[in-house]
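*Asks:* Below is entry_12.txt; it holds compact mmCIF, C-alpha atoms.
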# COMPACT_ATOMS: atom_id res chain seq x y z
CA MET A 1 0.83 -29.41 79.16
CA SER A 2 0.75 -30.91 82.66
CA ASP A 3 -0.75 -29.34 85.75
CA GLU A 4 2.68 -29.14 87.33
CA GLU A 5 4.38 -27.43 84.38
CA GLY A 6 1.66 -24.93 83.58
CA PRO A 7 1.13 -23.41 80.11
CA LYS A 8 4.00 -23.24 77.63
CA PHE A 9 4.44 -20.43 75.13
CA PHE A 10 5.76 -20.84 71.60
CA PRO A 11 8.98 -18.92 70.99
CA ALA A 12 8.74 -15.98 68.58
CA GLU A 13 11.35 -14.70 66.15
CA GLY A 14 11.86 -11.22 64.78
CA SER A 15 10.90 -7.87 66.22
CA ILE A 16 8.44 -7.79 69.10
CA ILE A 17 7.57 -4.24 68.02
CA GLY A 18 4.99 -4.25 65.24
CA GLY A 19 3.79 -1.80 62.62
CA PHE A 20 0.61 0.21 62.38
CA SER A 21 -2.40 -1.73 63.69
CA ARG A 22 -5.79 -1.71 61.95
CA ASP A 23 -8.37 -4.46 61.62
CA LYS A 24 -9.90 -5.56 58.33
CA ARG A 25 -12.83 -3.20 58.65
CA GLY A 26 -10.42 -0.30 59.05
CA ARG A 27 -8.50 -1.48 56.00
CA ILE A 28 -11.75 -1.72 54.02
CA THR A 29 -12.39 1.95 54.80
CA GLU A 30 -8.83 2.72 53.72
CA ALA A 31 -9.40 0.90 50.40
CA LEU A 32 -12.62 2.88 49.97
CA GLN A 33 -10.66 6.10 50.51
CA ASP A 34 -8.38 5.17 47.60
CA MET A 35 -11.38 4.48 45.38
CA GLN A 36 -13.05 7.66 46.60
CA LEU A 37 -10.10 9.69 45.35
CA ALA A 38 -10.24 8.02 41.93
CA VAL A 39 -14.01 8.43 41.61
CA ASN A 40 -14.04 12.03 42.85
CA GLY A 41 -11.13 12.89 40.57
CA MET A 42 -13.05 11.64 37.52
CA ALA A 43 -16.19 13.45 38.65
CA MET A 44 -14.45 16.76 39.20
CA GLN A 45 -12.28 16.59 36.08
CA PHE A 46 -15.11 15.95 33.62
CA ALA A 47 -18.23 17.32 35.33
CA GLU A 48 -17.72 20.87 34.09
CA ASN A 49 -18.11 20.07 30.40
CA GLY A 50 -20.79 17.43 30.98
CA GLY A 51 -18.60 14.46 30.13
CA GLY A 52 -15.38 13.38 28.60
CA GLN A 53 -14.13 12.94 25.09
CA GLY A 54 -10.98 12.34 23.13
CA GLU A 55 -7.61 11.16 24.36
CA ALA A 56 -7.93 12.78 27.80
CA TRP A 57 -11.12 10.82 28.41
CA THR A 58 -9.79 7.42 27.35
CA THR A 59 -6.56 8.01 29.28
CA ALA A 60 -8.55 8.86 32.40
CA LEU A 61 -10.70 5.74 31.99
CA ALA A 62 -7.57 3.59 31.74
CA ALA A 63 -6.25 5.15 34.95
CA LEU A 64 -9.61 4.54 36.64
CA ALA A 65 -9.50 0.89 35.51
CA ARG A 66 -6.07 0.44 37.12
CA ALA A 67 -7.33 2.03 40.35
CA CYS A 68 -10.39 -0.24 40.33
CA SER A 69 -8.22 -3.31 39.79
CA ILE A 70 -6.09 -2.45 42.83
CA PHE A 71 -9.28 -1.97 44.86
CA LEU A 72 -10.59 -5.36 43.71
CA ARG A 73 -7.28 -7.05 44.46
CA LYS A 74 -7.36 -5.78 48.05
CA THR A 75 -10.98 -6.62 48.65
CA VAL A 76 -11.82 -9.81 46.77
CA LEU A 77 -8.69 -11.28 45.14
CA GLY A 78 -6.23 -11.14 48.01
CA ASP A 79 -2.48 -11.54 47.95
CA PHE A 80 -1.42 -14.26 45.48
CA GLY A 81 -5.05 -15.40 45.45
CA ARG A 82 -5.01 -16.53 49.09
CA ARG A 83 -8.53 -16.28 50.49
CA GLU A 84 -7.44 -15.34 54.00
CA THR A 85 -5.66 -12.22 52.71
CA ARG A 86 -8.82 -10.73 51.21
CA LEU A 87 -10.31 -7.83 53.07
CA LEU A 88 -13.68 -9.40 52.31
CA ASP A 89 -12.89 -12.86 53.61
CA ASP A 90 -15.69 -15.28 54.45
CA ASP A 91 -16.02 -14.11 58.04
CA VAL A 92 -16.15 -10.43 57.07
CA LEU A 93 -18.71 -11.13 54.33
CA ASP A 94 -20.92 -12.91 56.85
CA ALA A 95 -20.52 -10.13 59.40
CA LEU A 96 -21.44 -7.49 56.80
CA GLY A 97 -24.26 -9.58 55.37
CA LEU A 98 -22.74 -8.96 51.95
CA ARG A 99 -23.30 -11.08 48.86
CA PHE A 100 -22.71 -10.43 45.16
CA HIS A 101 -24.90 -10.34 42.05
CA ARG A 102 -24.67 -12.61 39.06
CA LEU A 103 -23.40 -11.47 35.68
CA VAL A 104 -25.90 -10.50 33.02
CA THR A 105 -26.89 -12.96 30.33
CA VAL A 106 -27.08 -11.65 26.78
CA PRO A 107 -30.19 -13.04 25.04
CA ARG A 108 -29.36 -14.83 21.84
CA GLU A 109 -31.85 -12.77 19.84
CA LEU A 110 -29.88 -9.62 20.72
CA ARG A 111 -26.55 -10.93 19.46
CA THR A 112 -25.18 -9.75 16.15
CA PRO A 113 -21.76 -10.68 14.77
CA ILE A 114 -19.40 -7.80 14.14
CA ARG A 115 -15.95 -8.14 12.64
CA ILE A 116 -12.77 -6.45 13.82
CA SER A 117 -9.79 -6.33 11.49
CA GLY A 118 -6.48 -6.43 13.32
CA GLY A 119 -4.35 -5.33 10.39
CA GLY A 120 -1.52 -7.42 9.00
CA ILE A 121 0.68 -7.37 5.91
CA GLN A 122 0.08 -7.91 2.21
CA GLY A 123 3.34 -9.77 1.94
CA GLY A 124 7.07 -9.19 2.01
CA GLU A 125 10.42 -10.77 2.55
CA LEU A 126 13.43 -10.65 4.84
CA GLN A 127 16.91 -10.57 3.35
CA ILE A 128 19.96 -11.52 5.42
CA THR A 129 23.40 -11.06 3.88
CA LYS A 130 26.46 -12.85 5.25
CA LEU A 131 29.59 -10.70 5.24
CA ASN A 132 33.17 -11.91 4.90
CA ASP A 133 34.84 -12.02 8.30
CA GLU A 134 37.89 -10.09 7.09
CA THR A 135 36.84 -7.90 4.18
CA LEU A 136 33.20 -7.43 5.23
CA GLU A 137 32.27 -7.92 1.59
CA PRO A 138 28.91 -9.64 0.92
CA GLU A 139 29.29 -13.38 0.44
CA LYS A 140 25.77 -14.77 0.34
CA THR A 141 22.23 -13.49 0.71
CA TYR A 142 19.44 -15.52 2.28
CA THR A 143 15.81 -14.65 1.58
CA ALA A 144 12.82 -15.51 3.80
CA PRO A 145 9.43 -14.81 2.19
CA ALA A 146 6.40 -13.61 4.14
CA GLY A 147 3.03 -14.25 2.54
CA PRO A 148 -0.13 -12.22 3.18
CA GLN A 149 -1.12 -12.31 6.85
CA ARG A 150 -3.99 -10.72 8.74
CA LEU A 151 -6.01 -10.99 11.93
CA GLU A 152 -9.78 -11.16 12.11
CA ILE A 153 -11.82 -11.12 15.33
CA ILE A 154 -15.52 -11.96 15.30
CA VAL A 155 -17.47 -10.54 18.23
CA GLN A 156 -21.00 -11.65 19.06
CA TRP A 157 -22.26 -8.22 20.07
CA PRO A 158 -23.21 -7.01 22.63
CA LEU A 159 -21.01 -8.51 25.32
CA PRO A 160 -21.49 -8.49 29.10
CA GLY A 161 -20.30 -5.13 30.36
CA ALA A 162 -21.86 -3.50 27.31
CA ILE A 163 -25.25 -5.22 27.23
CA GLY A 164 -27.01 -1.90 26.65
CA TRP A 165 -24.65 -0.76 23.91
CA ILE A 166 -27.16 -1.14 21.12
CA GLY A 167 -28.34 1.49 18.67
CA ALA A 168 -26.63 4.81 18.07
CA PRO A 169 -25.00 6.41 21.14
CA THR A 170 -25.30 10.18 21.34
CA GLU A 171 -24.34 12.88 23.82
CA GLN A 172 -27.95 12.94 25.01
CA ASN A 173 -28.26 9.13 25.18
CA PRO A 174 -24.75 7.70 25.55
CA TRP A 175 -23.77 4.09 25.98
CA GLN A 176 -23.35 3.80 29.74
CA ILE A 177 -20.44 2.44 31.76
CA VAL A 178 -22.33 1.41 34.87
CA PRO A 179 -22.60 -1.79 36.93
CA GLU A 180 -26.03 -2.55 35.40
CA MET A 181 -24.26 -3.27 32.10
CA LEU A 182 -22.46 -6.21 33.77
CA PHE A 183 -24.51 -7.41 36.75
CA ARG A 184 -28.11 -8.51 37.31
CA LEU A 185 -28.97 -5.86 39.88
CA ASP A 186 -32.67 -6.70 39.48
CA GLN A 187 -32.07 -10.02 41.24
CA GLU A 188 -31.19 -10.80 44.85
CA PRO A 189 -27.41 -11.16 45.43
CA GLY A 190 -26.35 -14.56 46.70
CA MET A 191 -22.73 -15.19 45.73
CA ASP A 192 -19.57 -15.22 47.84
CA CYS A 193 -16.20 -14.02 46.53
CA ASP A 194 -15.17 -17.31 44.94
CA GLN A 195 -18.48 -17.78 43.19
CA TRP A 196 -18.55 -14.17 42.01
CA LEU A 197 -15.01 -14.20 40.64
CA SER A 198 -15.34 -17.61 38.96
CA GLN A 199 -18.18 -16.48 36.70
CA GLN A 200 -17.26 -16.59 33.03
CA VAL A 201 -17.63 -13.18 31.39
CA VAL A 202 -17.02 -14.22 27.77
CA ARG A 203 -15.83 -17.14 25.73
CA PHE A 204 -12.64 -16.55 23.76
CA ASP A 205 -12.78 -19.12 20.97
CA SER A 206 -13.79 -22.26 22.89
CA ARG A 207 -12.42 -21.18 26.27
CA GLY A 208 -14.21 -19.21 28.97
CA ILE A 209 -12.53 -16.20 30.56
CA SER A 210 -13.66 -15.50 34.10
CA LEU A 211 -14.13 -12.26 35.98
CA LYS A 212 -11.15 -13.24 38.13
CA GLN A 213 -8.89 -13.69 35.09
CA ILE A 214 -9.86 -10.31 33.67
CA VAL A 215 -9.21 -8.49 36.97
CA GLN A 216 -5.91 -10.32 37.40
CA THR A 217 -4.82 -9.37 33.88
CA VAL A 218 -5.30 -5.67 34.58
CA VAL A 219 -3.94 -5.60 38.13
CA ASN A 220 -0.94 -7.89 37.60
CA PHE A 221 0.21 -6.58 34.23
CA GLU A 222 -0.79 -2.88 34.37
CA ALA A 223 -1.67 -1.64 37.85
CA ALA A 224 0.45 -3.37 40.50
CA HIS A 225 3.12 -4.08 37.88
CA SER A 226 3.80 -2.76 34.39
CA VAL A 227 4.61 -5.62 32.03
CA ASN A 228 4.98 -5.56 28.25
CA THR A 229 2.56 -8.11 26.77
CA SER A 230 3.14 -7.31 23.09
CA ARG A 231 4.97 -10.61 22.55
CA LEU A 232 2.98 -13.72 23.46
CA ALA A 233 5.15 -16.21 21.56
CA THR A 234 8.60 -17.55 22.45
CA VAL A 235 11.41 -18.82 20.23
CA GLY A 236 14.61 -20.72 20.74
CA GLY A 237 13.48 -22.77 23.71
CA ILE A 238 13.12 -19.70 25.96
CA GLU A 239 10.79 -20.27 28.88
CA PRO A 240 7.41 -18.62 28.17
CA SER A 241 6.49 -15.55 30.17
CA LYS A 242 3.43 -15.62 32.41
CA ALA A 243 1.53 -13.73 29.75
CA ALA A 244 2.60 -16.14 26.99
CA ARG A 245 1.40 -19.14 29.02
CA ASN A 246 -2.15 -17.83 28.79
CA PRO A 247 -2.41 -15.38 25.87
CA SER A 248 -6.21 -15.17 25.56
CA PRO A 249 -6.86 -12.55 28.30
CA HIS A 250 -4.12 -10.33 26.89
CA ILE A 251 -5.47 -10.52 23.34
CA LEU A 252 -8.91 -9.75 24.77
CA ASN A 253 -7.44 -6.77 26.64
CA ALA A 254 -6.26 -5.30 23.34
CA VAL A 255 -9.80 -5.28 21.93
CA THR A 256 -11.36 -1.83 22.34
CA PHE A 257 -14.86 -0.47 22.00
CA CYS A 258 -15.18 3.30 21.62
CA GLY A 259 -11.50 3.54 22.56
CA ILE A 260 -11.97 1.62 25.84
CA ARG A 261 -10.25 -1.70 26.38
CA PHE A 262 -12.79 -4.41 27.03
CA ALA A 263 -10.97 -5.62 30.15
CA HIS A 264 -10.89 -2.05 31.47
CA LEU A 265 -14.65 -1.78 30.93
CA ILE A 266 -15.23 -4.95 33.00
CA VAL A 267 -12.87 -3.87 35.79
CA ILE A 268 -14.35 -0.35 36.04
CA GLU A 269 -17.90 -1.66 36.30
CA SER A 270 -16.86 -4.31 38.84
CA GLY A 271 -14.96 -1.76 40.92
CA LEU A 272 -17.84 0.74 40.90
CA TYR A 273 -20.26 -2.06 41.78
CA LEU A 274 -18.28 -3.11 44.84
CA TYR A 275 -17.57 0.50 45.84
CA ASP A 276 -21.31 1.24 45.86
CA ALA A 277 -22.06 -1.98 47.76
CA LEU A 278 -19.62 -1.12 50.54
CA ILE A 279 -20.58 2.55 50.70
CA ASN A 280 -24.23 1.49 51.15
CA ASN A 281 -23.41 -1.08 53.83
CA THR A 282 -24.19 0.44 57.22
CA SER A 283 -21.64 -1.79 58.95
CA VAL A 284 -18.76 -0.22 56.98
CA THR A 285 -17.27 3.10 58.07
CA ARG A 286 -17.47 5.47 55.13
CA PRO A 287 -14.50 7.62 54.16
CA THR A 288 -14.70 11.24 55.19
CA GLY A 289 -15.32 13.96 52.63
CA ASP A 290 -17.62 14.22 49.65
CA LEU A 291 -18.88 11.06 48.00
CA TYR A 292 -19.77 10.93 44.31
CA ARG A 293 -21.56 8.31 42.28
CA MET A 294 -20.76 8.31 38.61
CA LYS A 295 -22.62 7.27 35.52
CA LEU A 296 -19.98 7.22 32.87
CA GLY A 297 -20.97 7.12 29.24
CA VAL A 298 -19.60 7.23 25.71
CA SER A 299 -20.97 8.65 22.49
CA TRP A 300 -19.71 7.96 19.01
CA ASP A 301 -19.93 10.22 15.97
CA SER A 302 -20.56 7.50 13.46
CA ASP A 303 -23.25 6.22 11.13
CA GLN A 304 -21.82 2.70 11.22
CA ASN A 305 -23.98 1.16 13.95
CA ASP A 306 -25.62 -1.14 11.40
CA SER A 307 -22.29 -2.10 9.86
CA ASP A 308 -20.74 -5.50 10.50
CA THR A 309 -17.35 -3.74 10.69
CA PRO A 310 -18.08 -0.70 12.92
CA SER A 311 -15.31 1.84 13.34
CA TRP A 312 -15.81 1.93 17.13
CA ALA A 313 -14.59 -1.67 17.47
CA CYS A 314 -10.81 -1.98 17.12
CA PHE A 315 -7.83 -4.17 17.95
CA GLN A 316 -4.84 -2.30 19.39
CA GLY A 317 -2.50 -5.24 19.91
CA THR A 318 0.41 -6.50 17.85
CA MET A 319 1.04 -9.29 15.37
CA MET A 320 4.31 -11.09 14.68
CA VAL A 321 5.33 -11.69 11.07
CA ALA A 322 5.57 -15.35 10.08
CA PHE A 323 8.06 -16.15 7.33
CA HIS A 324 6.35 -18.52 4.90
CA ASN A 325 4.61 -18.23 1.54
CA VAL A 326 1.20 -19.47 2.63
CA PRO A 327 -1.49 -16.77 2.98
CA THR A 328 -2.64 -16.78 6.61
CA VAL A 329 -5.75 -15.50 8.35
CA ILE A 330 -5.74 -15.82 12.14
CA ARG A 331 -9.26 -15.81 13.51
CA HIS A 332 -10.57 -15.47 17.05
CA GLU A 333 -14.15 -15.30 18.27
CA ILE A 334 -15.41 -13.51 21.36
CA SER A 335 -18.93 -14.29 22.48
CA PRO A 336 -21.19 -14.07 25.54
CA VAL A 337 -21.41 -17.16 27.72
CA GLY A 338 -24.48 -19.35 27.66
CA LYS A 339 -27.43 -19.75 25.37
CA GLY A 340 -29.07 -16.55 26.57
What do you get writing this file as structure tokens?

*Replies:*
Amino acid sequence: MSDEEGPKFFPAEGSIIGGFSRDKRGRITEALQDMQLAVNGMAMQFAENGGGQGEAWTTALAALARACSIFLRKTVLGDFGRRETRLLDDDVLDALGLRFHRLVTVPRELRTPIRISGGGIQGGELQITKLNDETLEPEKTYTAPAGPQRLEIIVQWPLPGAIGWIGAPTEQNPWQIVPEMLFRLDQEPGMDCDQWLSQQVVRFDSRGISLKQIVQTVVNFEAAHSVNTSRLATVGGIEPSKAARNPSPHILNAVTFCGIRFAHLIVIESGLYLYDALINNTSVTRPTGDLYRMKLGVSWDSDQNDSDTPSWACFQGTMMVAFHNVPTVIRHEISPVGKG
């Protein structure tokens, strides 16, 4: 720009009329309103009988997990993982004076291996008969044997998100679904979004699965989209799906404790943690209307708490049949991160 020419303006394309205007703080309040509806709905639906149970309870928890994942995507994940699209970007975090707590560490002396059987088959075979092109009479039969196959998952219990799930849960003293089961609330928070999300929640076999991966699994495959993840293998040179490229979080998401998917447990506790943190922040405008804080819990009518194969630990995923004669046991291990 020269003094003679004066300032020059960049040309703009598209409509000069924009949509509804609200800054990030206003959008944070809007995201809190969405969470408020989910939290209040749970509180009002199950408060009358003192808690939830059965299919209605687990269905409601799954819906709450999807709502929490959307909330977390808006606030800390952002659109396609871009930091600047987070509602809680670095500038907003600094302005709010907001930092996040570390994940809990499960002491090694508390860990006990439990085994989850994922079913399988005792054996079988597939018969394929070729028919004559003209008469449709059988010409030849091909047989493909399938030997015994089963899945076994070893869990070093308890896991983060369920660190207090020890002993026998009862209606009077249930296992709690609260942020304290996942985060060290007794310590000072000091993490930004990237540090918070990058924390490894568990190790699946030899690979760590982070808080970010767990939230993304729920929000991208269940909440924002609805994607079938029952097949995590590809045949015939077909390009693998996004789920098949990284199967571990989806297998983990099919592991349930007391009927609750493990990934849902992590997302609910993370969502409630951030909801409380923002509600308590005086620089954030609270939603109007009643505010509830929940302490969710589960009880289990079982005498198997000392068993290494407890009935409250299940696998609800699928398993493809492999056609060979060799007996096969597929094993995975899920364990807390660190020495504890």

*Asks:* For A:Asn246, find every residue with an atom within 12 Å (counting all atoms listed in the file), except residues of its own chain fewer than 3 positions away, and show them as a PyMOL selection string.

*Replies:* chain A and resi 204+207+209+213-214+217+229+231-233+240-243+249-252

*Asks:* I'd like a table as a tab-separated table: residues in stretch 266-301 of chain A with an atom no more than 10 Å from stretch 161-164 of chain A, each row giving the shortest atom pair and its distance in Å to one decimal, only C-alpha atoms counted, sorted by chain and rising residue number.

*Replies:*
residue	atom	partner	partner_atom	distance
A:Ile266	CA	A:Gly161	CA	5.7
A:Val267	CA	A:Gly161	CA	9.3
A:Ile268	CA	A:Gly161	CA	9.5
A:Glu269	CA	A:Gly161	CA	7.3
A:Ser270	CA	A:Gly161	CA	9.2

*Asks:* Could you pull the residues within 9 Å of A:Ser335, counting all atoms listed in the file, minus those fewer than 2 positions along the same chain, as a list in words?

*Replies:* Arg111, Pro113, Ile154, Val155, Gln156, Trp157, Pro158, Leu159, Val202, Arg203, Phe204, Asp205, Glu333 and Val337 of chain A

*Asks:* Write the residues you've just listed into a file as a tab-separated table (two decimals), keeping the file's coordinate frame, and include C-alpha atoms for each of them.

*Replies:*
chain	number	residue	atom	x	y	z
A	111	ARG	CA	-26.55	-10.93	19.46
A	113	PRO	CA	-21.76	-10.68	14.77
A	154	ILE	CA	-15.52	-11.96	15.30
A	155	VAL	CA	-17.47	-10.54	18.23
A	156	GLN	CA	-21.00	-11.65	19.06
A	157	TRP	CA	-22.26	-8.22	20.07
A	158	PRO	CA	-23.21	-7.01	22.63
A	159	LEU	CA	-21.01	-8.51	25.32
A	202	VAL	CA	-17.02	-14.22	27.77
A	203	ARG	CA	-15.83	-17.14	25.73
A	204	PHE	CA	-12.64	-16.55	23.76
A	205	ASP	CA	-12.78	-19.12	20.97
A	333	GLU	CA	-14.15	-15.30	18.27
A	337	VAL	CA	-21.41	-17.16	27.72

*Asks:* Set the distance at 12 Å and use all atoms listed in the file: which residues neighbour A:Ile166 once local chain neighbours fewer than 5 positions away are removed? I'd like the list as a list in words.

*Replies:* Val106, Leu110, Arg111, Thr112, Trp157, Pro158, Leu159, Asn173, Pro174, Trp175, Gln176, Met181, Ser299, Trp300, Gln304, Asn305 and Asp306 of chain A

*Asks:* Hey, what's within 12 Å of A:Leu93 if we count only C-alpha atoms and toss same-chain stuff fewer than 3 positions away? As a list in words, please?

*Replies:*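 Once the adjacent positions are removed, what remains is Lys24, Arg25, Ile28, Thr75, Val76, Arg86, Leu87, Leu88, Asp89, Asp90, Leu96, Gly97, Leu98, Arg99, Phe100, Gly190, Met191, Asp192, Cys193, Asp194, Ala277, Leu278, Asn281, Ser283 and Val284 of chain A.
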
*Asks:* Can you list, as an mmCIF file with C-alpha atoms, keeping the file's coordinate frame, every protein, DNA or RNA residue that comes within 12 Å of A:Asp290 when you count all atoms listed in the file, leaving out same-chain residues fewer than 6 positions away?

*Replies:*
data_model
loop_
_atom_site.group_PDB
_atom_site.id
_atom_site.type_symbol
_atom_site.label_atom_id
_atom_site.label_comp_id
_atom_site.auth_asym_id
_atom_site.auth_seq_id
_atom_site.Cartn_x
_atom_site.Cartn_y
_atom_site.Cartn_z
ATOM 1 C CA GLN A 33 -10.660 6.100 50.510
ATOM 2 C CA GLN A 36 -13.050 7.660 46.600
ATOM 3 C CA LEU A 37 -10.100 9.690 45.350
ATOM 4 C CA VAL A 39 -14.010 8.430 41.610
ATOM 5 C CA ASN A 40 -14.040 12.030 42.850
ATOM 6 C CA GLY A 41 -11.130 12.890 40.570
ATOM 7 C CA ALA A 43 -16.190 13.450 38.650
ATOM 8 C CA MET A 44 -14.450 16.760 39.200
#
